[in-house]
Each structure stands twice: as C-alpha cells, then as structure tokens.
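Okay, entry22.cif now, which holds mmCIF, C-alpha atoms, pLDDT in the B column; chains and numbers go by the auth columns:
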data_input
#
loop_
_atom_site.group_PDB
_atom_site.id
_atom_site.type_symbol
_atom_site.label_atom_id
_atom_site.label_comp_id
_atom_site.label_asym_id
_atom_site.label_seq_id
_atom_site.Cartn_x
_atom_site.Cartn_y
_atom_site.Cartn_z
_atom_site.B_iso_or_equiv
_atom_site.auth_seq_id
_atom_site.auth_asym_id
ATOM 1 C CA MET A 1 1.951 10.463 22.655 63.00 264 A
ATOM 2 C CA HIS A 2 -1.438 9.409 21.325 69.00 265 A
ATOM 3 C CA THR A 3 -4.102 12.070 21.566 72.00 266 A
ATOM 4 C CA ARG A 4 -7.636 12.095 20.287 73.00 267 A
ATOM 5 C CA SER A 5 -9.804 15.173 19.905 75.00 268 A
ATOM 6 C CA PRO A 6 -13.594 15.159 19.969 73.00 269 A
ATOM 7 C CA ARG A 7 -15.323 14.569 16.634 74.00 270 A
ATOM 8 C CA ALA A 8 -16.337 17.504 14.503 73.00 271 A
ATOM 9 C CA ALA A 9 -19.899 18.584 15.331 74.00 272 A
ATOM 10 C CA THR A 10 -21.285 18.609 11.782 81.00 273 A
ATOM 11 C CA ARG A 11 -20.305 17.914 8.189 79.00 274 A
ATOM 12 C CA GLU A 12 -21.578 19.811 5.197 82.00 275 A
ATOM 13 C CA PHE A 13 -20.817 17.011 2.698 84.00 276 A
ATOM 14 C CA ASP A 14 -21.580 13.356 2.099 87.00 277 A
ATOM 15 C CA THR A 15 -19.214 10.413 1.552 87.00 278 A
ATOM 16 C CA ARG A 16 -19.452 10.663 -2.258 90.00 279 A
ATOM 17 C CA HIS A 17 -18.489 14.350 -2.229 91.00 280 A
ATOM 18 C CA PHE A 18 -15.605 13.623 0.160 84.00 281 A
ATOM 19 C CA ARG A 19 -14.316 10.815 -2.096 86.00 282 A
ATOM 20 C CA GLN A 20 -14.475 13.117 -5.152 90.00 283 A
ATOM 21 C CA ALA A 21 -12.557 15.833 -3.309 88.00 284 A
ATOM 22 C CA LEU A 22 -9.890 13.313 -2.239 82.00 285 A
ATOM 23 C CA SER A 23 -9.529 12.125 -5.849 85.00 286 A
ATOM 24 C CA GLN A 24 -8.075 15.529 -6.733 85.00 287 A
ATOM 25 C CA PHE A 25 -4.906 14.619 -4.846 82.00 288 A
ATOM 26 C CA ALA A 26 -2.563 12.766 -7.189 83.00 289 A
ATOM 27 C CA THR A 27 -0.905 9.766 -5.570 89.00 290 A
ATOM 28 C CA GLY A 28 1.645 7.170 -6.421 92.00 291 A
ATOM 29 C CA VAL A 29 0.506 3.564 -6.547 96.00 292 A
ATOM 30 C CA THR A 30 1.880 0.656 -4.546 97.00 293 A
ATOM 31 C CA VAL A 31 1.333 -3.063 -4.287 98.00 294 A
ATOM 32 C CA ILE A 32 1.787 -4.431 -0.786 98.00 295 A
ATOM 33 C CA THR A 33 2.915 -8.074 -0.782 98.00 296 A
ATOM 34 C CA THR A 34 3.344 -10.703 1.894 97.00 297 A
ATOM 35 C CA ARG A 35 3.627 -14.462 2.372 96.00 298 A
ATOM 36 C CA LEU A 36 0.893 -16.561 3.957 93.00 299 A
ATOM 37 C CA ALA A 37 1.563 -19.317 6.492 90.00 300 A
ATOM 38 C CA ASP A 38 1.094 -21.979 3.778 93.00 301 A
ATOM 39 C CA GLY A 39 3.834 -20.376 1.627 93.00 302 A
ATOM 40 C CA THR A 40 1.494 -18.759 -0.919 94.00 303 A
ATOM 41 C CA PHE A 41 1.560 -15.027 -1.557 97.00 304 A
ATOM 42 C CA LEU A 42 -0.937 -12.236 -1.054 96.00 305 A
ATOM 43 C CA GLY A 43 -0.807 -8.783 -2.612 97.00 306 A
ATOM 44 C CA LEU A 44 -3.068 -5.761 -2.847 97.00 307 A
ATOM 45 C CA THR A 45 -3.015 -2.346 -4.485 96.00 308 A
ATOM 46 C CA ALA A 46 -2.790 0.679 -2.173 95.00 309 A
ATOM 47 C CA SER A 47 -2.358 4.373 -2.856 91.00 310 A
ATOM 48 C CA SER A 48 -2.411 5.295 0.833 92.00 311 A
ATOM 49 C CA PHE A 49 1.375 5.180 1.244 96.00 312 A
ATOM 50 C CA ASN A 50 3.566 7.785 2.906 95.00 313 A
ATOM 51 C CA SER A 51 6.891 8.250 4.652 96.00 314 A
ATOM 52 C CA VAL A 52 6.761 8.787 8.417 96.00 315 A
ATOM 53 C CA SER A 53 10.311 9.010 9.756 96.00 316 A
ATOM 54 C CA LEU A 54 13.928 8.861 8.606 95.00 317 A
ATOM 55 C CA ASP A 55 15.307 7.688 11.966 96.00 318 A
ATOM 56 C CA PRO A 56 14.074 5.084 12.471 97.00 319 A
ATOM 57 C CA PRO A 57 13.055 4.558 8.834 97.00 320 A
ATOM 58 C CA LEU A 58 9.246 4.284 8.934 97.00 321 A
ATOM 59 C CA VAL A 59 6.537 4.229 6.264 97.00 322 A
ATOM 60 C CA LEU A 60 2.766 3.875 6.498 97.00 323 A
ATOM 61 C CA TRP A 61 -0.161 2.597 4.470 98.00 324 A
ATOM 62 C CA SER A 62 -3.769 1.833 5.309 97.00 325 A
ATOM 63 C CA LEU A 63 -6.234 -0.998 4.760 97.00 326 A
ATOM 64 C CA ALA A 64 -10.025 -1.064 5.090 95.00 327 A
ATOM 65 C CA ASN A 65 -11.358 -2.803 8.185 95.00 328 A
ATOM 66 C CA THR A 66 -13.547 -4.931 5.922 95.00 329 A
ATOM 67 C CA ALA A 67 -10.665 -6.204 3.746 94.00 330 A
ATOM 68 C CA THR A 68 -10.513 -9.993 3.679 93.00 331 A
ATOM 69 C CA SER A 69 -6.723 -9.679 3.859 94.00 332 A
ATOM 70 C CA MET A 70 -6.836 -7.785 7.183 94.00 333 A
ATOM 71 C CA PRO A 71 -6.073 -10.852 9.366 94.00 334 A
ATOM 72 C CA VAL A 72 -3.049 -11.736 7.203 94.00 335 A
ATOM 73 C CA PHE A 73 -1.506 -8.268 7.167 94.00 336 A
ATOM 74 C CA SER A 74 -2.299 -7.702 10.858 93.00 337 A
ATOM 75 C CA GLY A 75 -0.665 -10.977 11.875 93.00 338 A
ATOM 76 C CA ASN A 76 2.369 -11.182 9.594 94.00 339 A
ATOM 77 C CA SER A 77 5.746 -9.992 10.805 95.00 340 A
ATOM 78 C CA HIS A 78 6.824 -8.578 7.400 97.00 341 A
ATOM 79 C CA TYR A 79 5.545 -7.211 4.106 97.00 342 A
ATOM 80 C CA VAL A 80 7.000 -5.449 1.063 98.00 343 A
ATOM 81 C CA VAL A 81 5.751 -2.117 -0.286 98.00 344 A
ATOM 82 C CA ASN A 82 6.368 -2.074 -4.078 98.00 345 A
ATOM 83 C CA ILE A 83 6.218 1.404 -5.683 97.00 346 A
ATOM 84 C CA LEU A 84 4.877 0.908 -9.209 97.00 347 A
ATOM 85 C CA SER A 85 6.431 2.492 -12.294 96.00 348 A
ATOM 86 C CA ALA A 86 4.469 4.167 -15.105 95.00 349 A
ATOM 87 C CA GLU A 87 4.558 0.928 -17.125 94.00 350 A
ATOM 88 C CA GLN A 88 2.868 -1.103 -14.375 96.00 351 A
ATOM 89 C CA ALA A 89 -0.759 0.074 -14.397 95.00 352 A
ATOM 90 C CA TRP A 90 -1.757 -3.487 -15.290 96.00 353 A
ATOM 91 C CA LEU A 91 -0.231 -4.665 -11.994 97.00 354 A
ATOM 92 C CA ALA A 92 -2.222 -2.081 -10.042 96.00 355 A
ATOM 93 C CA GLU A 93 -5.397 -3.330 -11.729 96.00 356 A
ATOM 94 C CA GLN A 94 -4.526 -7.000 -11.242 96.00 357 A
ATOM 95 C CA PHE A 95 -3.747 -6.612 -7.527 97.00 358 A
ATOM 96 C CA ALA A 96 -6.915 -4.531 -7.035 95.00 359 A
ATOM 97 C CA SER A 97 -9.055 -7.248 -8.652 93.00 360 A
ATOM 98 C CA LYS A 98 -10.969 -10.076 -6.988 89.00 361 A
ATOM 99 C CA LYS A 99 -8.851 -12.536 -8.993 87.00 362 A
ATOM 100 C CA LYS A 100 -7.977 -15.619 -6.917 86.00 363 A
ATOM 101 C CA ASP A 101 -4.297 -15.760 -7.957 91.00 364 A
ATOM 102 C CA ARG A 102 -3.191 -12.152 -8.331 95.00 365 A
ATOM 103 C CA PHE A 103 0.392 -13.321 -8.895 97.00 366 A
ATOM 104 C CA ASP A 104 -0.579 -15.147 -12.112 95.00 367 A
ATOM 105 C CA GLY A 105 1.793 -13.905 -14.858 95.00 368 A
ATOM 106 C CA VAL A 106 3.637 -11.582 -12.463 97.00 369 A
ATOM 107 C CA GLU A 107 7.443 -11.607 -12.331 98.00 370 A
ATOM 108 C CA TYR A 108 8.898 -11.274 -8.867 98.00 371 A
ATOM 109 C CA SER A 109 11.928 -12.099 -6.767 97.00 372 A
ATOM 110 C CA LEU A 110 11.986 -12.789 -3.038 97.00 373 A
ATOM 111 C CA SER A 111 13.194 -10.524 -0.263 96.00 374 A
ATOM 112 C CA ARG A 112 15.557 -11.868 2.375 94.00 375 A
ATOM 113 C CA THR A 113 12.494 -12.790 4.456 93.00 376 A
ATOM 114 C CA GLY A 114 10.803 -14.542 1.518 95.00 377 A
ATOM 115 C CA HIS A 115 8.290 -11.878 0.504 97.00 378 A
ATOM 116 C CA PRO A 116 7.556 -10.954 -3.138 98.00 379 A
ATOM 117 C CA ILE A 117 9.348 -8.001 -4.746 98.00 380 A
ATOM 118 C CA LEU A 118 7.716 -7.074 -8.066 98.00 381 A
ATOM 119 C CA VAL A 119 10.132 -6.925 -11.001 98.00 382 A
ATOM 120 C CA GLY A 120 10.176 -3.461 -12.585 97.00 383 A
ATOM 121 C CA ALA A 121 9.030 -1.565 -9.492 97.00 384 A
ATOM 122 C CA SER A 122 10.495 1.928 -9.084 97.00 385 A
ATOM 123 C CA ALA A 123 11.331 1.148 -5.465 98.00 386 A
ATOM 124 C CA TRP A 124 10.568 -1.393 -2.793 98.00 387 A
ATOM 125 C CA PHE A 125 10.652 -1.379 0.985 98.00 388 A
ATOM 126 C CA GLU A 126 10.879 -4.563 3.030 98.00 389 A
ATOM 127 C CA CYS A 127 9.167 -3.732 6.316 98.00 390 A
ATOM 128 C CA HIS A 128 8.817 -5.185 9.765 97.00 391 A
ATOM 129 C CA ASN A 129 5.127 -4.838 10.700 96.00 392 A
ATOM 130 C CA ARG A 130 5.892 -2.435 13.566 96.00 393 A
ATOM 131 C CA SER A 131 2.462 -1.123 14.589 96.00 394 A
ATOM 132 C CA ARG A 132 -1.167 -0.766 13.605 96.00 395 A
ATOM 133 C CA TYR A 133 -3.611 2.009 14.467 95.00 396 A
ATOM 134 C CA PRO A 134 -7.364 1.661 13.933 94.00 397 A
ATOM 135 C CA GLU A 135 -8.867 4.932 12.699 92.00 398 A
ATOM 136 C CA GLY A 136 -12.340 5.287 11.205 91.00 399 A
ATOM 137 C CA ASP A 137 -13.035 2.538 8.673 94.00 400 A
ATOM 138 C CA HIS A 138 -9.325 1.714 8.134 95.00 401 A
ATOM 139 C CA VAL A 139 -6.267 0.463 9.981 96.00 402 A
ATOM 140 C CA ILE A 140 -3.033 2.416 9.534 97.00 403 A
ATOM 141 C CA PHE A 141 -0.013 0.111 9.254 97.00 404 A
ATOM 142 C CA VAL A 142 3.391 1.509 10.204 97.00 405 A
ATOM 143 C CA GLY A 143 6.317 -0.467 8.847 97.00 406 A
ATOM 144 C CA GLU A 144 9.923 -0.190 9.939 97.00 407 A
ATOM 145 C CA VAL A 145 12.013 -0.457 6.784 97.00 408 A
ATOM 146 C CA GLU A 146 14.696 -3.139 7.047 97.00 409 A
ATOM 147 C CA HIS A 147 15.823 -3.000 3.415 97.00 410 A
ATOM 148 C CA CYS A 148 14.980 -0.902 0.365 98.00 411 A
ATOM 149 C CA GLU A 149 16.125 -0.508 -3.223 97.00 412 A
ATOM 150 C CA PHE A 150 15.166 1.789 -6.093 97.00 413 A
ATOM 151 C CA THR A 151 15.517 2.250 -9.836 97.00 414 A
ATOM 152 C CA PRO A 152 14.732 5.833 -10.893 95.00 415 A
ATOM 153 C CA GLN A 153 11.978 5.815 -13.523 94.00 416 A
ATOM 154 C CA ALA A 154 8.676 7.485 -14.305 94.00 417 A
ATOM 155 C CA PRO A 155 6.060 6.841 -11.596 93.00 418 A
ATOM 156 C CA LEU A 156 2.566 5.418 -11.904 95.00 419 A
ATOM 157 C CA VAL A 157 0.240 8.243 -10.858 93.00 420 A
ATOM 158 C CA PHE A 158 -3.436 7.933 -9.912 93.00 421 A
ATOM 159 C CA HIS A 159 -5.653 11.019 -10.087 90.00 422 A
ATOM 160 C CA SER A 160 -9.400 11.539 -10.319 90.00 423 A
ATOM 161 C CA GLY A 161 -10.067 7.820 -10.663 89.00 424 A
ATOM 162 C CA GLN A 162 -7.579 7.084 -13.423 90.00 425 A
ATOM 163 C CA PHE A 163 -3.927 6.393 -14.118 89.00 426 A
ATOM 164 C CA LEU A 164 -2.017 9.262 -15.714 86.00 427 A
ATOM 165 C CA ALA A 165 0.867 9.039 -18.115 66.00 428 A
ATOM 166 C CA PRO A 166 3.729 11.270 -17.005 69.00 429 A
ATOM 167 C CA SER A 167 4.387 14.238 -19.278 64.00 430 A
ATOM 168 C CA LYS A 168 7.895 14.663 -20.582 59.00 431 A
#
Please, can you express the file's structure as structure tokens?
Amino acid sequence: MHTRSPRAATREFDTRHFRQALSQFATGVTVITTRLADGTFLGLTASSFNSVSLDPPLVLWSLANTATSMPVFSGNSHYVVNILSAEQAWLAEQFASKKKDRFDGVEYSLSRTGHPILVGASAWFECHNRSRYPEGDHVIFVGEVEHCEFTPQAPLVFHSGQFLAPSK
C-alpha cells in the first residue's frame, strides 16, 4: 500500500530552522559502498539509516536527488552499509569529502558480491538494492539484507553538527 496525503497548508519555519531542529536527533554514522561497472569503488557517508523489517530483513537509507552518485546507486544491484565505530570519524569525513579517491588509505575487504566492507566497522549489511522511493529532495533506498556481521564496540554518533565521543 502506497498512500500520499495532501501537503501541509503552511509552515511556520524555514529550511535552516528545520535543519537545526533535525540536528538535535543523535544518529549513528554509516558509509555506503558499492562497485562501479569499471571495477572501481564508490562510497559516501550517510546518517539517514534505519531498520525497516525483520522478515524479510530490510534496511533503508536516503540520498539527495542532486548527488552525483545517484545514477550508480540507483542502477547497482548491491551495496554495503558499513556502521562506523567511535574510532572511525576520519572515515566519515573522508567519505563525505569531494576527494576523488575516497578509498585512499582505507582498509577494506570484499563482500561475496565484490563490494567494499570497511575494516573496523561495528557492523555491515550487504544489501540487494530492492526498491527506491522518491520523496521530496531525496530518494529512499530500501535494501534487502543478504549477509551481515557485527563486532560490538562503541558507536560513532553525530549530533548537532559534530561527532560525539561516547561517555563511559
């Protein structure tokens, strides 16, 4: 069932205020990785990750319509969601940068489908690119998890525009 309600009549806030309000929600940080047709890799930082379903095992994340990587992620059959650990803020920054080779200096192994799994990640989910839903200025990607692993450790947390060290 896909339903759509009419838009809200008015808003009493602007985009900047909305972004600041959203920043008060602490999130984990992920790097989504995939392989291009020429065998090179692509990765990007995303904090818009969530579980959807246990049966079948589904997760979601979203990507801006204007992202240059949109055609790759829309067209690829698989990707890996890497959940970053507290020690991996540098990876979040590197994969959020405009750097040409974001994998430079990054240790990784390959999933069974040949997609990068970042060494040291708290967890990773190898996903079949099941469906995509355009909403607003983003596309919501739903992945069906085909394999996942985890190593319990402190998470990388993003809140109010900065990474937070977990308190012990």
Hits of the PyMOL selection byres ((chain A and resi 390) around 7) in this structure, as a ChimeraX atom specification: /A:341-343,388-389,391-392,406-409
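Residues in contact with Glu412 in chain A at up to 12 Å, not including ones fewer than 5 positions away on its chain and judged by all atoms listed in the file, are A:Val343, A:Val344, A:Asn345, A:Ile346, A:Ser374, A:Ile380, A:Leu381, A:Val382, A:Gly383, A:Ala384, A:Ser385, A:Ala386, A:Trp387, A:Phe388, A:Glu389.
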Given the PyMOL selection byres ((chain A and resi 293) around 12) and the file above, list the residues it selects as JSON, numbers by chain. {"A": [290, 291, 292, 294, 295, 296, 306, 307, 308, 309, 310, 311, 312, 313, 323, 324, 325, 343, 344, 345, 346, 347, 348, 349, 351, 352, 354, 355, 356, 358, 359, 380, 381, 384, 385, 386, 387, 388, 418, 419, 420, 421]}
Explicit residues for the PyMOL selection byres ((chain A and resi 403) around 8) (as a PyMOL selection string): chain A and resi 323-326+395-398+401-402+404-405
Two-atom distance - CA of Cys411 in chain A, CA of Gly377 in chain A (Å):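 Distance reported for this atom pair: 14.3 Å.
Picture a line from CA of Ser314 in chain A to CA of Asp367 in chain A; it runs 29.7 Å.
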Top pick for closest residue to Met333 in chain A, considering A:Ala417, A:Val315, A:Ala284, A:Leu305 and counting all atoms listed in the file: A:Leu305
Atomic distance CA of Pro379 in chain A - CA of Gly424 in chain A, expressed in Å with one decimal: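 Computing it gives 26.8 Å between the two atoms.
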Env of Arg282 in chain A: 12 Å cut, atoms = all atoms listed in the file, seq-sep filter 6 positions within chain, self excluded. Answer as a count of residues only. 5
